[in-house]
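Dropping model14.cif in here (mmCIF, C-alpha atoms):
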```
data_coords
loop_
_atom_site.group_PDB
_atom_site.id
_atom_site.type_symbol
_atom_site.label_atom_id
_atom_site.label_comp_id
_atom_site.auth_asym_id
_atom_site.auth_seq_id
_atom_site.Cartn_x
_atom_site.Cartn_y
_atom_site.Cartn_z
ATOM 1 C CA MET A 1216 67.033 57.031 27.504
ATOM 2 C CA LEU A 1217 63.907 55.724 29.220
ATOM 3 C CA GLN A 1218 62.544 54.524 25.891
ATOM 4 C CA ARG A 1219 65.757 52.635 25.177
ATOM 5 C CA CYS A 1220 65.575 50.982 28.621
ATOM 6 C CA LEU A 1221 61.994 49.849 27.938
ATOM 7 C CA ASP A 1222 62.992 48.501 24.514
ATOM 8 C CA LEU A 1223 65.886 46.541 26.059
ATOM 9 C CA LEU A 1224 63.615 45.000 28.688
ATOM 10 C CA ALA A 1225 60.637 44.402 26.359
ATOM 11 C CA PRO A 1226 61.388 40.810 25.212
ATOM 12 C CA ALA A 1227 61.468 39.702 28.857
ATOM 13 C CA LEU A 1228 58.541 41.773 30.159
ATOM 14 C CA GLU A 1229 56.005 41.242 27.381
ATOM 15 C CA ARG A 1230 55.318 37.737 28.722
ATOM 16 C CA PRO A 1231 52.096 37.359 30.754
ATOM 17 C CA GLY A 1232 52.819 37.340 34.492
ATOM 18 C CA ALA A 1233 56.302 38.831 34.089
ATOM 19 C CA VAL A 1234 57.848 40.418 37.195
ATOM 20 C CA ALA A 1235 59.794 43.655 36.795
ATOM 21 C CA VAL A 1236 61.950 45.290 39.466
ATOM 22 C CA ASP A 1237 62.679 49.018 39.547
ATOM 23 C CA CYS A 1238 65.583 49.192 41.983
ATOM 24 C CA THR A 1239 65.613 53.000 42.018
ATOM 25 C CA LEU A 1240 61.985 54.102 42.244
ATOM 26 C CA GLY A 1241 62.506 57.848 42.854
ATOM 27 C CA LEU A 1242 59.396 59.756 41.820
ATOM 28 C CA GLY A 1243 58.079 56.730 39.924
ATOM 29 C CA GLY A 1244 58.521 57.932 36.343
ATOM 30 C CA HIS A 1245 60.299 54.802 35.144
ATOM 31 C CA SER A 1246 57.942 52.547 37.121
ATOM 32 C CA GLU A 1247 54.879 54.211 35.627
ATOM 33 C CA ALA A 1248 56.343 53.809 32.127
ATOM 34 C CA LEU A 1249 57.051 50.108 32.804
ATOM 35 C CA LEU A 1250 53.512 49.457 34.041
ATOM 36 C CA ARG A 1251 51.974 51.236 31.051
ATOM 37 C CA ARG A 1252 54.212 49.607 28.434
ATOM 38 C CA PHE A 1253 53.817 46.080 29.881
ATOM 39 C CA PRO A 1254 50.173 45.808 31.012
ATOM 40 C CA GLU A 1255 50.474 42.166 32.100
ATOM 41 C CA ALA A 1256 53.592 42.675 34.209
ATOM 42 C CA ARG A 1257 53.821 43.001 37.970
ATOM 43 C CA LEU A 1258 56.220 45.560 39.447
ATOM 44 C CA VAL A 1259 58.335 45.540 42.599
ATOM 45 C CA ALA A 1260 59.956 48.934 43.242
ATOM 46 C CA LEU A 1261 62.581 49.830 45.853
ATOM 47 C CA ASP A 1262 63.740 53.132 47.318
ATOM 48 C CA ARG A 1263 65.569 54.105 50.503
ATOM 49 C CA ASP A 1264 63.963 57.575 50.506
ATOM 50 C CA LYS A 1265 60.640 57.571 52.398
ATOM 51 C CA GLU A 1266 59.484 60.834 50.818
ATOM 52 C CA ALA A 1267 60.103 59.372 47.343
ATOM 53 C CA LEU A 1268 58.043 56.294 48.293
ATOM 54 C CA ARG A 1269 55.168 58.480 49.476
ATOM 55 C CA LEU A 1270 55.084 60.603 46.324
ATOM 56 C CA SER A 1271 55.528 57.702 43.906
ATOM 57 C CA GLY A 1272 52.885 55.746 45.821
ATOM 58 C CA GLU A 1273 50.364 58.463 44.912
ATOM 59 C CA ARG A 1274 51.531 58.403 41.299
ATOM 60 C CA LEU A 1275 51.276 54.626 40.974
ATOM 61 C CA ALA A 1276 48.028 54.204 42.944
ATOM 62 C CA PRO A 1277 45.944 53.756 39.738
ATOM 63 C CA PHE A 1278 47.850 50.516 39.026
ATOM 64 C CA GLY A 1279 46.614 48.961 42.264
ATOM 65 C CA GLU A 1280 48.095 45.608 43.245
ATOM 66 C CA ARG A 1281 50.299 45.453 40.129
ATOM 67 C CA ALA A 1282 52.786 47.728 41.953
ATOM 68 C CA THR A 1283 54.483 46.779 45.229
ATOM 69 C CA LEU A 1284 56.613 49.571 46.720
ATOM 70 C CA VAL A 1285 59.251 48.681 49.316
ATOM 71 C CA HIS A 1286 61.408 50.847 51.610
ATOM 72 C CA ALA A 1287 64.807 49.261 50.999
ATOM 73 C CA VAL A 1288 68.269 49.913 49.615
ATOM 74 C CA TYR A 1289 68.779 48.113 46.317
ATOM 75 C CA ASP A 1290 71.425 45.709 47.630
ATOM 76 C CA GLU A 1291 68.610 44.312 49.817
ATOM 77 C CA LEU A 1292 66.874 42.980 46.685
ATOM 78 C CA PRO A 1293 67.369 39.268 47.569
ATOM 79 C CA ASP A 1294 65.708 39.792 50.979
ATOM 80 C CA VAL A 1295 62.856 41.804 49.455
ATOM 81 C CA LEU A 1296 62.132 39.104 46.857
ATOM 82 C CA ALA A 1297 62.337 36.368 49.498
ATOM 83 C CA ARG A 1298 59.813 38.195 51.694
ATOM 84 C CA LEU A 1299 57.456 38.562 48.717
ATOM 85 C CA GLY A 1300 57.857 34.884 47.780
ATOM 86 C CA ILE A 1301 59.332 35.698 44.363
ATOM 87 C CA ALA A 1302 61.952 33.168 43.233
ATOM 88 C CA ARG A 1303 62.997 34.766 39.934
ATOM 89 C CA VAL A 1304 62.275 38.005 38.088
ATOM 90 C CA ASP A 1305 62.099 38.827 34.377
ATOM 91 C CA GLY A 1306 63.430 42.376 34.232
ATOM 92 C CA VAL A 1307 65.503 44.695 36.432
ATOM 93 C CA LEU A 1308 66.051 48.428 35.956
ATOM 94 C CA PHE A 1309 68.586 50.622 37.783
ATOM 95 C CA ASP A 1310 68.654 54.404 37.298
ATOM 96 C CA LEU A 1311 71.592 55.268 39.549
ATOM 97 C CA GLY A 1312 72.703 58.515 41.174
ATOM 98 C CA VAL A 1313 70.583 61.228 42.745
ATOM 99 C CA SER A 1314 66.932 61.592 41.811
ATOM 100 C CA SER A 1315 65.647 64.892 40.433
ATOM 101 C CA MET A 1316 63.514 65.273 43.555
ATOM 102 C CA GLN A 1317 66.586 65.074 45.799
ATOM 103 C CA LEU A 1318 68.477 67.597 43.653
ATOM 104 C CA ASP A 1319 65.541 69.986 43.460
ATOM 105 C CA GLU A 1320 64.705 70.000 47.188
ATOM 106 C CA ALA A 1321 67.162 72.553 48.555
ATOM 107 C CA ASP A 1322 67.046 71.307 52.154
ATOM 108 C CA ARG A 1323 68.445 67.888 51.181
ATOM 109 C CA GLY A 1324 71.885 69.424 50.516
ATOM 110 C CA PHE A 1325 72.705 67.496 47.306
ATOM 111 C CA ALA A 1326 73.015 70.509 45.005
ATOM 112 C CA TYR A 1327 76.021 72.809 45.159
ATOM 113 C CA ALA A 1328 74.179 75.581 43.284
ATOM 114 C CA GLN A 1329 72.037 76.568 46.291
ATOM 115 C CA ASP A 1330 72.762 76.994 49.995
ATOM 116 C CA ALA A 1331 71.364 74.185 52.143
ATOM 117 C CA PRO A 1332 72.181 72.042 55.186
ATOM 118 C CA LEU A 1333 74.984 69.589 54.332
ATOM 119 C CA ASP A 1334 72.943 66.409 54.650
ATOM 120 C CA MET A 1335 73.018 64.344 51.400
ATOM 121 C CA ARG A 1336 71.468 61.233 52.972
ATOM 122 C CA MET A 1337 69.063 59.494 50.601
ATOM 123 C CA ASP A 1338 67.417 57.964 53.675
ATOM 124 C CA GLN A 1339 67.217 60.819 56.161
ATOM 125 C CA THR A 1340 66.374 58.426 58.989
ATOM 126 C CA ALA A 1341 69.739 56.627 58.964
ATOM 127 C CA GLY A 1342 73.482 57.112 58.686
ATOM 128 C CA VAL A 1343 75.833 60.075 58.956
ATOM 129 C CA SER A 1344 75.356 63.353 57.094
ATOM 130 C CA ALA A 1345 77.841 65.054 54.791
ATOM 131 C CA ALA A 1346 78.476 67.646 57.521
ATOM 132 C CA GLU A 1347 79.498 64.873 59.947
ATOM 133 C CA VAL A 1348 81.864 63.425 57.346
ATOM 134 C CA LEU A 1349 83.491 66.828 56.758
ATOM 135 C CA ASN A 1350 83.733 67.687 60.442
ATOM 136 C CA THR A 1351 84.919 64.366 61.893
ATOM 137 C CA TYR A 1352 86.820 62.286 59.312
ATOM 138 C CA PRO A 1353 90.639 62.303 59.560
ATOM 139 C CA PRO A 1354 92.340 64.369 56.816
ATOM 140 C CA GLY A 1355 93.843 61.308 55.124
ATOM 141 C CA GLU A 1356 90.422 59.645 54.874
ATOM 142 C CA LEU A 1357 88.877 62.795 53.396
ATOM 143 C CA VAL A 1358 91.647 62.968 50.778
ATOM 144 C CA ARG A 1359 91.034 59.299 49.880
ATOM 145 C CA ILE A 1360 87.282 59.895 49.491
ATOM 146 C CA LEU A 1361 87.707 62.967 47.282
ATOM 147 C CA ARG A 1362 90.232 61.184 45.072
ATOM 148 C CA ALA A 1363 88.460 57.822 44.870
ATOM 149 C CA TYR A 1364 84.830 58.952 44.619
ATOM 150 C CA GLY A 1365 85.173 62.438 43.113
ATOM 151 C CA GLU A 1366 88.295 61.847 41.000
ATOM 152 C CA GLU A 1367 89.370 65.215 42.419
ATOM 153 C CA LYS A 1368 93.004 66.010 41.570
ATOM 154 C CA GLN A 1369 93.110 68.884 44.060
ATOM 155 C CA ALA A 1370 91.926 66.738 46.995
ATOM 156 C CA LYS A 1371 94.873 67.643 49.265
ATOM 157 C CA ARG A 1372 94.380 71.393 48.793
ATOM 158 C CA ILE A 1373 90.648 71.154 49.475
ATOM 159 C CA VAL A 1374 91.056 68.941 52.543
ATOM 160 C CA SER A 1375 93.784 71.202 54.010
ATOM 161 C CA ALA A 1376 91.361 74.121 53.729
ATOM 162 C CA VAL A 1377 88.484 72.058 55.201
ATOM 163 C CA VAL A 1378 90.575 70.973 58.209
ATOM 164 C CA ARG A 1379 91.758 74.541 58.840
ATOM 165 C CA GLU A 1380 88.210 75.917 58.663
ATOM 166 C CA ARG A 1381 86.459 73.192 60.656
ATOM 167 C CA GLU A 1382 88.739 73.933 63.616
ATOM 168 C CA LYS A 1383 87.349 77.480 63.671
ATOM 169 C CA GLU A 1384 83.730 76.415 63.191
ATOM 170 C CA PRO A 1385 82.097 73.101 62.095
ATOM 171 C CA PHE A 1386 80.586 72.949 58.614
ATOM 172 C CA THR A 1387 76.786 72.987 58.494
ATOM 173 C CA ASN A 1388 75.816 74.467 55.105
ATOM 174 C CA SER A 1389 76.757 73.916 51.486
ATOM 175 C CA ALA A 1390 77.476 77.556 50.515
ATOM 176 C CA ARG A 1391 80.439 77.768 52.902
ATOM 177 C CA LEU A 1392 81.914 74.581 51.458
ATOM 178 C CA VAL A 1393 81.435 75.782 47.856
ATOM 179 C CA GLU A 1394 83.156 79.077 48.693
ATOM 180 C CA LEU A 1395 86.031 77.265 50.412
ATOM 181 C CA ILE A 1396 86.568 75.027 47.356
ATOM 182 C CA ARG A 1397 86.581 78.026 45.007
ATOM 183 C CA ASP A 1398 89.201 79.739 47.173
ATOM 184 C CA ALA A 1399 91.336 76.600 47.568
ATOM 185 C CA LEU A 1400 91.663 75.692 43.883
ATOM 186 C CA PRO A 1401 94.273 77.182 41.545
ATOM 187 C CA GLN A 1402 92.892 79.313 38.698
ATOM 188 C CA ALA A 1403 93.667 76.656 36.064
ATOM 189 C CA ALA A 1404 91.566 74.043 37.887
ATOM 190 C CA LYS A 1405 88.613 76.448 38.057
ATOM 191 C CA ARG A 1406 88.528 76.949 34.298
ATOM 192 C CA THR A 1407 87.563 73.366 33.400
ATOM 193 C CA GLY A 1408 84.785 70.900 34.180
ATOM 194 C CA GLY A 1409 81.924 73.143 35.307
ATOM 195 C CA ASN A 1410 81.337 74.068 38.951
ATOM 196 C CA PRO A 1411 84.572 73.427 40.903
ATOM 197 C CA ALA A 1412 82.578 71.985 43.819
ATOM 198 C CA LYS A 1413 80.968 69.277 41.645
ATOM 199 C CA ARG A 1414 83.552 66.546 42.287
ATOM 200 C CA THR A 1415 83.705 67.141 46.048
ATOM 201 C CA PHE A 1416 79.913 67.032 46.375
ATOM 202 C CA GLN A 1417 79.792 63.806 44.349
ATOM 203 C CA ALA A 1418 82.456 62.243 46.580
ATOM 204 C CA LEU A 1419 80.659 63.225 49.789
ATOM 205 C CA ARG A 1420 77.314 61.931 48.482
ATOM 206 C CA ILE A 1421 78.823 58.566 47.519
ATOM 207 C CA GLU A 1422 80.490 58.240 50.933
ATOM 208 C CA VAL A 1423 77.390 59.269 52.913
ATOM 209 C CA ASN A 1424 75.165 56.774 51.097
ATOM 210 C CA GLY A 1425 77.751 54.000 50.629
ATOM 211 C CA GLU A 1426 76.759 54.059 46.949
ATOM 212 C CA LEU A 1427 79.638 52.110 45.432
ATOM 213 C CA SER A 1428 79.759 49.388 48.089
ATOM 214 C CA VAL A 1429 75.965 49.020 47.795
ATOM 215 C CA LEU A 1430 76.239 48.850 43.998
ATOM 216 C CA GLU A 1431 79.027 46.252 44.210
ATOM 217 C CA ARG A 1432 76.577 43.959 46.013
ATOM 218 C CA ALA A 1433 73.433 45.004 44.152
ATOM 219 C CA ILE A 1434 74.371 44.356 40.506
ATOM 220 C CA PRO A 1435 75.512 40.716 41.032
ATOM 221 C CA ALA A 1436 72.435 40.131 43.236
ATOM 222 C CA ALA A 1437 70.139 41.499 40.519
ATOM 223 C CA VAL A 1438 71.786 39.308 37.853
ATOM 224 C CA LYS A 1439 71.368 36.287 40.135
ATOM 225 C CA ALA A 1440 67.670 37.106 40.611
ATOM 226 C CA LEU A 1441 67.003 36.972 36.858
ATOM 227 C CA GLY A 1442 65.462 33.869 35.383
ATOM 228 C CA VAL A 1443 66.810 32.564 32.069
ATOM 229 C CA GLY A 1444 65.646 35.009 29.394
ATOM 230 C CA GLY A 1445 65.414 37.783 32.004
ATOM 231 C CA ARG A 1446 67.019 41.140 31.228
ATOM 232 C CA ILE A 1447 68.730 43.929 33.181
ATOM 233 C CA ALA A 1448 69.236 47.579 32.173
ATOM 234 C CA VAL A 1449 71.467 49.954 34.157
ATOM 235 C CA LEU A 1450 71.767 53.726 33.739
ATOM 236 C CA SER A 1451 74.956 55.090 35.357
ATOM 237 C CA TYR A 1452 75.967 58.722 35.720
ATOM 238 C CA HIS A 1453 79.674 58.630 36.459
ATOM 239 C CA SER A 1454 82.619 56.473 35.483
ATOM 240 C CA LEU A 1455 82.926 54.735 38.866
ATOM 241 C CA GLU A 1456 79.388 53.323 38.639
ATOM 242 C CA ASP A 1457 79.719 52.453 34.962
ATOM 243 C CA ARG A 1458 83.007 50.627 35.556
ATOM 244 C CA LEU A 1459 81.400 48.427 38.235
ATOM 245 C CA VAL A 1460 78.458 47.550 35.993
ATOM 246 C CA LYS A 1461 80.789 46.847 33.064
ATOM 247 C CA GLN A 1462 82.923 44.480 35.181
ATOM 248 C CA VAL A 1463 79.946 42.450 36.437
ATOM 249 C CA PHE A 1464 78.408 42.172 32.965
ATOM 250 C CA ALA A 1465 81.741 41.310 31.321
ATOM 251 C CA ALA A 1466 82.442 38.588 33.897
ATOM 252 C CA GLY A 1467 78.977 37.086 33.337
ATOM 253 C CA ALA A 1468 79.414 37.143 29.565
ATOM 254 C CA ALA A 1469 82.804 35.405 29.653
ATOM 255 C CA THR A 1470 83.552 31.694 29.760
ATOM 256 C CA THR A 1471 85.006 30.456 33.057
ATOM 257 C CA ALA A 1472 86.684 27.431 31.475
ATOM 258 C CA PRO A 1473 90.387 26.788 32.028
ATOM 259 C CA PRO A 1474 92.338 27.784 28.911
ATOM 260 C CA GLY A 1475 93.065 25.144 26.293
ATOM 261 C CA LEU A 1476 89.911 22.988 26.585
ATOM 262 C CA PRO A 1477 88.949 21.715 23.100
ATOM 263 C CA VAL A 1478 85.235 21.804 24.056
ATOM 264 C CA VAL A 1479 83.857 24.097 26.766
ATOM 265 C CA PRO A 1480 81.541 22.149 29.124
ATOM 266 C CA GLU A 1481 78.106 23.583 29.902
ATOM 267 C CA ARG A 1482 79.054 24.628 33.438
ATOM 268 C CA TYR A 1483 81.756 26.963 32.114
ATOM 269 C CA GLN A 1484 79.586 28.658 29.481
ATOM 270 C CA PRO A 1485 78.710 32.378 29.851
ATOM 271 C CA ARG A 1486 75.625 33.195 31.948
ATOM 272 C CA LEU A 1487 74.980 36.561 30.306
ATOM 273 C CA LYS A 1488 74.664 37.960 26.798
ATOM 274 C CA LEU A 1489 75.519 41.650 26.448
ATOM 275 C CA LEU A 1490 72.712 43.701 24.869
ATOM 276 C CA THR A 1491 74.678 46.915 24.360
ATOM 277 C CA ARG A 1492 77.976 47.393 22.560
ATOM 278 C CA GLY A 1493 79.906 49.173 25.274
ATOM 279 C CA ALA A 1494 77.842 51.842 27.010
ATOM 280 C CA GLU A 1495 75.112 53.638 25.047
ATOM 281 C CA LEU A 1496 75.011 57.439 25.368
ATOM 282 C CA PRO A 1497 72.061 59.855 25.274
ATOM 283 C CA THR A 1498 71.305 61.634 22.007
ATOM 284 C CA GLU A 1499 71.994 65.332 21.528
ATOM 285 C CA GLU A 1500 68.226 65.894 21.439
ATOM 286 C CA GLU A 1501 67.767 64.231 24.810
ATOM 287 C CA ILE A 1502 70.568 66.260 26.369
ATOM 288 C CA ALA A 1503 69.017 69.452 24.969
ATOM 289 C CA GLU A 1504 65.705 68.432 26.552
ATOM 290 C CA ASN A 1505 67.164 67.296 29.888
ATOM 291 C CA ARG A 1506 70.615 68.582 30.809
ATOM 292 C CA ARG A 1507 70.900 66.029 33.633
ATOM 293 C CA ALA A 1508 70.906 63.197 31.075
ATOM 294 C CA ALA A 1509 74.262 64.303 29.650
ATOM 295 C CA PRO A 1510 76.540 61.971 31.677
ATOM 296 C CA ALA A 1511 74.190 58.937 31.416
ATOM 297 C CA ARG A 1512 75.618 55.590 30.302
ATOM 298 C CA LEU A 1513 73.312 52.643 29.553
ATOM 299 C CA ARG A 1514 74.327 48.984 29.668
ATOM 300 C CA GLY A 1515 72.068 45.968 29.252
ATOM 301 C CA ALA A 1516 72.419 42.194 29.546
ATOM 302 C CA GLU A 1517 70.266 39.063 29.230
ATOM 303 C CA ARG A 1518 70.456 35.983 31.427
ATOM 304 C CA ILE A 1519 71.045 33.036 29.047
ATOM 305 C CA ARG A 1520 72.048 30.282 31.470
ATOM 306 C CA GLU A 1521 71.640 29.273 35.095
ATOM 307 C CA ASP A 1522 74.651 29.307 37.408
ATOM 308 C CA ALA A 1523 76.657 26.101 37.452
ATOM 309 C CA GLU A 1524 75.895 23.911 40.437
#
```

What do you get writing this file as structure tokens?
Amino acid sequence: MLQRCLDLLAPALERPGAVAVDCTLGLGGHSEALLRRFPEARLVALDRDKEALRLSGERLAPFGERATLVHAVYDELPDVLARLGIARVDGVLFDLGVSSMQLDEADRGFAYAQDAPLDMRMDQTAGVSAAEVLNTYPPGELVRILRAYGEEKQAKRIVSAVVREREKEPFTNSARLVELIRDALPQAAKRTGGNPAKRTFQALRIEVNGELSVLERAIPAAVKALGVGGRIAVLSYHSLEDRLVKQVFAAGAATTAPPGLPVVPERYQPRLKLLTRGAELPTEEEIAENRRAAPARLRGAERIREDAE
């Protein structure tokens, strides 16, 4: 879906001197594609993962001063732009979720398919780990997290087993948690939806990194940073993220006028134009090529008006 993202952003980034923001730098694949496709654009790229910044810095070194890499969480975008003296940007890209690097490095603890320390922090220098969440959160809070962030119907069963086991010995590694989940779930629940630990691991990762609360702040901030004619493209990987993006875009594309006005004044007109009809999905070919693309949902919008004073 990278190509589709570039096509969505193209009308805004083909202008000389355009500023693009990659809010989720990762290993720099999207950033490199942006810099190659739009040779007159400048890029600002953010990531909270210092190892990702180091590796992508090597990858993007040939582009010199056209690329500015910043250690920051993407809801810090307004502060980053202020520090760089950038008032408005022309394009913003979000590729949400866990980067391939984080999934593939066993010691980060994101993947349930291999045994690893239960960490899951995208920035390993800050915050609490997944093990700390499992070992210290009250049972009711753990149930809420698994239901809200993992959409896990068996949250109570899993948490009961976690609480029983953590009293014997604190959790440190992923394999023990995966085994516990397998044992806790009824047979019917194990037959659907892939690995039975998937939803619990997603919930823990979102909690550890504050992903939804960060995203709630980041998407409106990114829209606000766009100049008129600027465009935003967001790739989400689960329904919770996609719902947040959809709500922000829909609100921006709606009139804020009181009902019944014969003519809608300028200040009530929509600020955004939607560029995708609903969420666009990856093609079967892309999924065959990259299994991790399967849950991706793409939404795009264009800034068509300044905020009302």

Translate the PyMOL selection byres ((chain A and resi 1231) around 9), as applied to the file shown, into an explicit residue set as an mmCIF file with C-alpha atoms, keeping the file's coordinate frame.
```
data_model
loop_
_atom_site.group_PDB
_atom_site.id
_atom_site.type_symbol
_atom_site.label_atom_id
_atom_site.label_comp_id
_atom_site.auth_asym_id
_atom_site.auth_seq_id
_atom_site.Cartn_x
_atom_site.Cartn_y
_atom_site.Cartn_z
ATOM 1 C CA LEU A 1228 58.541 41.773 30.159
ATOM 2 C CA GLU A 1229 56.005 41.242 27.381
ATOM 3 C CA ARG A 1230 55.318 37.737 28.722
ATOM 4 C CA GLY A 1232 52.819 37.340 34.492
ATOM 5 C CA ALA A 1233 56.302 38.831 34.089
ATOM 6 C CA PHE A 1253 53.817 46.080 29.881
ATOM 7 C CA PRO A 1254 50.173 45.808 31.012
ATOM 8 C CA GLU A 1255 50.474 42.166 32.100
ATOM 9 C CA ALA A 1256 53.592 42.675 34.209
#
```

For the PyMOL selection byres ((chain A and resi 1430-1437) around 9), applied here, can you spell out every residue it catches as a list in words?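 On this input, the PyMOL selection byres ((chain A and resi 1430-1437) around 9) captures Val1288, Tyr1289, Asp1290, Glu1291, Leu1292, Pro1293, Val1304, Val1307, Phe1309, Gly1425, Glu1426, Leu1427, Ser1428, Val1429, Val1438, Lys1439, Ala1440, Leu1441, Ile1447, Val1449, Glu1456, Leu1459, Val1460, Val1463 and Phe1464 of chain A.
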
Separation of CA of Arg1252 in chain A from CA of Asp1338 in chain A, in Å and rounded to one decimal: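 Here the two named atoms are 29.7 Å from each other.
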
Grab the CA of Leu1242 in chain A to CA of Ala1418 in chain A distance for me, in Å with one decimal place.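 Separation of CA of Leu1242 in chain A and CA of Ala1418 in chain A: 23.7 Å.
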
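Distance-wise, CA of Arg1520 in chain A and CA of Leu1284 in chain A end up 29.0 Å apart.
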
Would you mind listing what lies within 8 Å of Leu1490 in chain A as a list of chain:residue names, with all atoms listed in the file counted and same-chain residues fewer than 3 positions away left out?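 Result of the neighbour search: A:Leu1223, A:Arg1514, A:Gly1515, A:Ala1516, A:Glu1517.
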
Applied to this file, what does the PyMOL selection byres ((chain A and resi 1469-1483) around 10) return in terms of residues, put as a list of chain:residue names?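 Here the PyMOL selection byres ((chain A and resi 1469-1483) around 10) matches A:Phe1464, A:Ala1465, A:Ala1466, A:Gly1467, A:Ala1468, A:Gln1484, A:Pro1485, A:Arg1486, A:Leu1487, A:Lys1488, A:Arg1520, A:Glu1521, A:Asp1522, A:Ala1523, A:Glu1524.
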
Nearest to Arg1414 in chain A, restricted to all atoms listed in the file and choosing among A:Ala1376, A:Leu1455, A:Leu1261, A:Leu1361, comes out as A:Leu1361
